Structures are given as structure tokens and as C-alpha cells.
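Notes follow the structure.
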Amino acid sequence: MVKEGKYMSPLSEDTRRLAREELREDEAIRENALEHMKKWAEDNPRIETCRTDPCFLLRFLRAKKFSLPMAQEAMERYLLLRQTYNYAFNNLDCLLPNMDYLFSEGYLFAAPGRDKDGRRWIIARPGVFDPHKYTNADMCRIHGITYETLMEDEESQVRGFVHYGDGAGVSFPHLTLFTPKEAVRIVKNGERTLPMRHKEVWGINVHPSIKYALDFGMSLISEKIKKRVKVFTNLEEAKKNMPDLSMLPKEYGGTVPMAEMIALWKKELLAARPQLLAHDEMRVRLELFSEGARAGAVSALRNNGSCNPQTDVLAGSFRKLQVD
């Protein structure tokens, strides 16, 4: 687990300004929020063991714009999700043979550097995934490794992420990896439970035969995220519409070859590996959660979907955070 100490913000001055404007984060609010979150986690009977260092707690506070009740609920859901779906969140080892192969083939990787808005780009090539050779657990685990690695970076906690997917090679067998019920939970938890700010989603090469699956997935996400999704039939059409290609691999219109990006990403994964493996120590007391929650129904829809984690802020929470 991470050693704790006095928090020293690693954010650049521009990112601190953005955090103030978009997340209502300043030094006083952050200090008070961290103190409340840490005490809440330590006193919470449902939580047996978890990280309480600032970097970890700030994932949830920033994702919820420093609303304490929402951040606490999100953290509890996240810890429950880890334990309920342990095949996706435990043993997140990039050196496992299947993981190493899929990363090397470029199934999923983050481009090096940041775009003009300071965001990391996540490149997905699901067609590389052989549904006859690999399992849905492999797919969940490689996404878990990628997202957990990226969430450790505080600049990205504030700046958010851009997703770019190439659907070439994806066919009906890929759709059979998950049941419709599992697919619903994955999509909803991807948006509402993982503390990541999804800023843009770009997709290319979506085959007409799986368009119905894409339409189904789009029906599950919020209107806010839906407006950030843009899908094109091919690479040339995407090039004409994307304002910036610099973050993409050379093969998609950028400047850095994909193989070089993948090699850099694998070094990043190795550096994060000890922390990700240490996360297996985090535990909740399942018997203190409802049966429905233990079954995996942690879809963050407790108020019939009325709670929007990116835009709703509880005024009472902010009153608690005010410093005289």
C-alpha cells in the first residue's frame, strides 16, 4: 500500500486553475475533503482495508467535483465492484502471458504525452482480441490494468481522457463474450463507477453487422457522454473530421509509430505494476452490503438515474467544506 504523508500537489499551475474552474478544487477545500474522506474510510464498518492516501482519495473527490456524499458513495461502490468482479480487478499483472501478448499486439494502450488540453489518449483495437482464444476475463483484466495505471496520475484525474477505437476485425463472436446483462453492467460501471473523466470518444471502422450492438451500448450511456461520441465509417472520414491527429499512432495519421507507442506504454505499465498488485489487499465486508449489491448490481443508479456524477453537486457537501 502507499505510504501516507503531507500532501504536496503535483499539478501544474494550469491544471490547478482548471481544477478550480471545473472541479471547485482549491487548497482549503481539498485539505478538508481529504480529512473527511480519510476519517470516513477508517470508520466505515463496510470497509475492511483500503488505500487512504491523497492520490487515491482524490480520484473520487475530483470525479465527483468535491461532493463528499457522492465521492464516498462512489468509493464504496468502486471497492465493492473490485471484490464482486475480482476477475477484472484482482491480479492486475501486465506480465501475465495473455496480458503481455495483448499489450504487445496493441489491443489497448495509452499514447505517450498529452494533447493540447493536457489529456491522455487511450487507443483501443478490439479486432486484435481473438474471441476464440481469449476470454471475457482477459478482456476485463487488460482494461482494468490500463485504467488503474492511468488513474494514478493526478494530472489525468483533472484533465480526463480521450478514447479512440478502431473496430476493424470486430465481428459477431466478439459480441458473445458477454451476456446482455453483463454488457449493461460493464457500460454503466465504466461511466459511473470508475472515477475517470471521459472527455471525448472517437470510433472508426464499425462494421454494419454490429451496429445494433453499438446502438444498444449508446442507449445505456448518459446524454452528456453520448454527445461526446463520434463514430466514422473509415479512417479517411475520421481524418477529415478530427481536429487533431497528433496523438494518434502514425498508422492512423499521427507521427509516432504504433510499435514505439506500445513499447513506451509497456514501460509505464511495469512502473505501475507493484501498486496495482498491492491493490489486491483492499477488501470490503460483503456481508454488510445488500444482496443485490453483492450480486453486482452496483450500477450507480440509486436515484433512478437522477444522479449525474459529473454535473450534480450537493450544496450541503460544499457547506461542510467551507473554511472560515
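Following the order of the C-alpha cells, first chain is A, next is B, and so on, with residues numbered from 1 inside each chain and ligands from 1 in the order they appear.
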Region 54-57 of chain A: which residues within 8 Å, counting only C-alpha atoms, same-chain residues fewer than 6 positions away excluded, as a list in words?
-> Glu4, Tyr7, Leu34, Met37, Lys38, Glu152 and Glu154 of chain A
Test item: residues at most 12 Å from Trp40 (chain A), only C-alpha atoms, excluding those fewer than 6 positions along its chain, as number ranges by chain | A: 33-34, 46-47, 50, 52, 57, 68-69, 71-73, 75-76
Output of the above residues as a compact mmCIF listing (two decimals), in the first residue's frame, restricted to all heavy atoms:
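So again_11.txt came out as:
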```
# COMPACT_ATOMS: atom_id res chain seq x y z
N ALA A 33 -11.60 18.13 2.48
CA ALA A 33 -12.22 16.95 1.88
C ALA A 33 -11.39 15.70 2.14
O ALA A 33 -11.94 14.63 2.45
CB ALA A 33 -12.38 17.17 0.37
N LEU A 34 -10.07 15.82 2.02
CA LEU A 34 -9.20 14.67 2.28
C LEU A 34 -9.31 14.21 3.73
O LEU A 34 -9.33 13.01 4.01
CB LEU A 34 -7.75 15.02 1.93
CG LEU A 34 -7.41 15.11 0.44
CD1 LEU A 34 -6.00 15.65 0.25
CD2 LEU A 34 -7.54 13.73 -0.22
N ARG A 46 -18.11 -1.08 6.63
CA ARG A 46 -18.13 -1.91 5.43
C ARG A 46 -16.74 -2.07 4.81
O ARG A 46 -16.50 -3.01 4.06
CB ARG A 46 -19.06 -1.28 4.37
CG ARG A 46 -20.52 -1.21 4.80
CD ARG A 46 -21.35 -0.77 3.61
NE ARG A 46 -22.71 -0.46 4.00
CZ ARG A 46 -23.69 -0.20 3.14
NH1 ARG A 46 -23.42 -0.19 1.84
NH2 ARG A 46 -24.90 0.08 3.56
N ILE A 47 -15.86 -1.13 5.10
CA ILE A 47 -14.52 -1.17 4.51
C ILE A 47 -13.56 -1.83 5.48
O ILE A 47 -13.35 -1.35 6.59
CB ILE A 47 -14.04 0.25 4.15
CG1 ILE A 47 -14.96 0.88 3.11
CG2 ILE A 47 -12.60 0.21 3.63
CD1 ILE A 47 -14.64 2.32 2.78
N CYS A 50 -8.34 -0.48 2.81
CA CYS A 50 -8.24 0.23 1.53
C CYS A 50 -7.20 1.33 1.65
O CYS A 50 -6.80 1.71 2.75
CB CYS A 50 -9.59 0.82 1.09
SG CYS A 50 -10.07 2.33 1.95
N THR A 52 -5.86 5.03 1.77
CA THR A 52 -6.41 6.32 2.19
C THR A 52 -5.42 7.45 1.91
O THR A 52 -5.52 8.52 2.50
CB THR A 52 -6.76 6.31 3.69
OG1 THR A 52 -5.60 5.96 4.45
CG2 THR A 52 -7.89 5.34 3.98
N LEU A 57 -7.72 8.92 -2.76
CA LEU A 57 -8.97 9.57 -2.37
C LEU A 57 -9.37 10.66 -3.36
O LEU A 57 -10.56 10.87 -3.62
CB LEU A 57 -8.82 10.17 -0.97
CG LEU A 57 -8.56 9.18 0.17
CD1 LEU A 57 -8.38 9.92 1.48
CD2 LEU A 57 -9.66 8.15 0.29
N LEU A 68 -18.71 15.50 -1.05
CA LEU A 68 -18.34 14.40 -0.15
C LEU A 68 -19.29 13.22 -0.20
O LEU A 68 -18.84 12.08 -0.33
CB LEU A 68 -18.22 14.93 1.28
CG LEU A 68 -16.85 15.48 1.69
CD1 LEU A 68 -16.96 16.10 3.09
CD2 LEU A 68 -15.81 14.38 1.69
N PRO A 69 -20.61 13.42 -0.09
CA PRO A 69 -21.51 12.26 -0.13
C PRO A 69 -21.36 11.44 -1.41
O PRO A 69 -21.35 10.22 -1.39
CB PRO A 69 -22.91 12.88 -0.01
CG PRO A 69 -22.67 14.19 0.66
CD PRO A 69 -21.35 14.67 0.15
N ALA A 71 -18.69 11.36 -3.46
CA ALA A 71 -17.36 10.74 -3.51
C ALA A 71 -17.32 9.51 -2.61
O ALA A 71 -16.73 8.48 -2.98
CB ALA A 71 -16.30 11.75 -3.09
N GLN A 72 -17.92 9.59 -1.44
CA GLN A 72 -17.94 8.45 -0.54
C GLN A 72 -18.74 7.29 -1.12
O GLN A 72 -18.32 6.13 -1.05
CB GLN A 72 -18.52 8.89 0.82
CG GLN A 72 -17.59 9.81 1.58
CD GLN A 72 -18.28 10.52 2.74
OE1 GLN A 72 -19.50 10.43 2.90
NE2 GLN A 72 -17.51 11.24 3.54
N GLU A 73 -19.88 7.61 -1.70
CA GLU A 73 -20.69 6.57 -2.33
C GLU A 73 -19.93 5.92 -3.48
O GLU A 73 -19.94 4.70 -3.65
CB GLU A 73 -22.01 7.17 -2.84
CG GLU A 73 -22.93 6.14 -3.48
CD GLU A 73 -24.16 6.77 -4.09
OE1 GLU A 73 -24.17 8.01 -4.27
OE2 GLU A 73 -25.10 6.04 -4.39
N MET A 75 -16.66 5.73 -3.92
CA MET A 75 -15.54 4.93 -3.44
C MET A 75 -16.03 3.59 -2.89
O MET A 75 -15.41 2.55 -3.15
CB MET A 75 -14.79 5.70 -2.36
CG MET A 75 -13.57 4.97 -1.81
SD MET A 75 -12.58 6.07 -0.77
CE MET A 75 -11.75 4.87 0.28
N GLU A 76 -17.14 3.59 -2.19
CA GLU A 76 -17.70 2.35 -1.67
C GLU A 76 -18.12 1.43 -2.81
O GLU A 76 -17.87 0.22 -2.78
CB GLU A 76 -18.89 2.68 -0.76
CG GLU A 76 -19.21 1.57 0.23
CD GLU A 76 -20.27 2.02 1.22
OE1 GLU A 76 -21.44 2.17 0.81
OE2 GLU A 76 -19.94 2.22 2.40
```
Give me every alpha helix (DSSP H) residue in region 3-248 of chain A, going by DSSP on the backbone, as a PyMOL selection string.
-> chain A and resi 13-23+27-43+54-63+68-84+86-89+97-104+136-151+154-159+172-175+180-192+211-220+223-226+235-241
Per-residue nearest contacts region 127-208 of chain A to region 274-289 of chain A, cut-off 10 Å, using only C-alpha atoms, as a Markdown table:
```
| residue | atom | partner | partner_atom | distance |
| --- | --- | --- | --- | --- |
| A:Gly144 | CA | A:Leu276 | CA | 9.5 |
| A:Ile145 | CA | A:Leu276 | CA | 7.5 |
| A:Glu148 | CA | A:Leu276 | CA | 7.1 |
| A:Thr149 | CA | A:Leu276 | CA | 7.4 |
| A:Glu152 | CA | A:Gln275 | CA | 9.2 |
```
Which value, in Å to one decimal, gives the distance between CA of Thr176 (chain A) and CA of Lys266 (chain A)?
-> 28.8 Å
Could you pull out the residues in region 83-209 of chain A that DSSP calls strand (DSSP E or B) from the backbone, as a PyMOL selection string?
-> chain A and resi 108-110+120-124+161-166+198-204
Point-to-point distance in Å for CA of Phe60 (chain A) and CA of Ala74 (chain A) |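 Answer for the CA of Ala74 (chain A) to CA of Phe60 (chain A) separation: 6.6 Å.
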What separation in Å, quoted to one decimal, exists between CA of Thr146 (chain A) and CA of Leu177 (chain A)?
->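 According to the coordinates, CA of Thr146 (chain A) and CA of Leu177 (chain A) are separated by 19.6 Å.
Non-sequential neighbours of Met258 (chain A) (distance at most 12 Å, separation of 4 or more positions within a chain, only C-alpha atoms) are Phe103, Ser104, Glu105, Gly106, Tyr107, Leu108, Phe109, Ala110, Ala111, Pro112, Ile123, Ala124, Arg125, Met247, Leu248, Pro249, Lys250, Glu251, Tyr252, Gly253, Gly254, Ile262, Ala263, Leu264 and Trp265 of chain A.
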Please provide as a list in words all residues within 9 Å of Arg159 (chain A), with the sequence filter that same-chain residues fewer than 4 positions apart are discarded (counting only C-alpha atoms).
->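 Everything that qualifies: Thr15, Leu18, Ala19, Asp117, Gly118, Arg119, Arg120, Glu154, Glu155, Arg197 and Lys199 of chain A.
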For Ile204 (chain A), list every protein, DNA or RNA residue within 10 Å, evaluated using only C-alpha atoms, and leave out those in the same chain fewer than 5 positions away; present the list as a compact mmCIF listing (two decimals) with N, CA, C and O atoms, in the first residue's frame.
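Saved as result18.txt:
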```txt
# COMPACT_ATOMS: atom_id res chain seq x y z
N TYR A 164 -10.06 6.43 -28.28
CA TYR A 164 -10.06 6.25 -29.74
C TYR A 164 -10.10 4.76 -30.03
O TYR A 164 -9.22 4.02 -29.57
N GLY A 165 -11.13 4.31 -30.74
CA GLY A 165 -11.27 2.89 -31.01
C GLY A 165 -11.36 2.58 -32.49
O GLY A 165 -12.03 3.29 -33.24
N ASP A 166 -10.67 1.53 -32.88
CA ASP A 166 -10.72 1.04 -34.26
C ASP A 166 -11.46 -0.30 -34.25
O ASP A 166 -10.98 -1.29 -33.69
N GLY A 167 -12.63 -0.33 -34.87
CA GLY A 167 -13.46 -1.53 -34.87
C GLY A 167 -13.13 -2.53 -35.96
O GLY A 167 -13.83 -3.54 -36.11
N ALA A 168 -12.05 -2.29 -36.72
CA ALA A 168 -11.68 -3.24 -37.78
C ALA A 168 -11.44 -4.62 -37.18
O ALA A 168 -10.72 -4.76 -36.20
N LYS A 230 -18.25 10.25 -31.26
CA LYS A 230 -18.33 10.45 -32.71
C LYS A 230 -17.77 9.20 -33.39
O LYS A 230 -16.66 8.76 -33.08
N VAL A 231 -18.57 8.64 -34.30
CA VAL A 231 -18.20 7.39 -34.97
C VAL A 231 -18.16 7.62 -36.47
O VAL A 231 -19.06 8.25 -37.05
N PHE A 232 -17.10 7.11 -37.11
CA PHE A 232 -16.93 7.25 -38.55
C PHE A 232 -16.77 5.89 -39.20
O PHE A 232 -16.30 4.94 -38.56
N THR A 233 -17.17 5.81 -40.46
CA THR A 233 -17.16 4.51 -41.14
C THR A 233 -15.75 4.05 -41.49
O THR A 233 -15.50 2.85 -41.62
N ASN A 234 -14.81 4.99 -41.65
CA ASN A 234 -13.45 4.60 -42.01
C ASN A 234 -12.46 5.67 -41.54
O ASN A 234 -12.85 6.75 -41.09
N LEU A 235 -11.17 5.37 -41.70
CA LEU A 235 -10.12 6.26 -41.23
C LEU A 235 -10.11 7.58 -42.00
O LEU A 235 -9.91 8.65 -41.40
N GLU A 236 -10.30 7.53 -43.29
CA GLU A 236 -10.26 8.75 -44.09
C GLU A 236 -11.35 9.74 -43.67
O GLU A 236 -11.11 10.95 -43.61
N GLU A 237 -12.53 9.22 -43.39
CA GLU A 237 -13.62 10.09 -42.93
C GLU A 237 -13.26 10.70 -41.58
O GLU A 237 -13.51 11.89 -41.34
N ALA A 238 -12.65 9.90 -40.71
CA ALA A 238 -12.25 10.40 -39.39
C ALA A 238 -11.21 11.50 -39.52
O ALA A 238 -11.27 12.52 -38.82
```
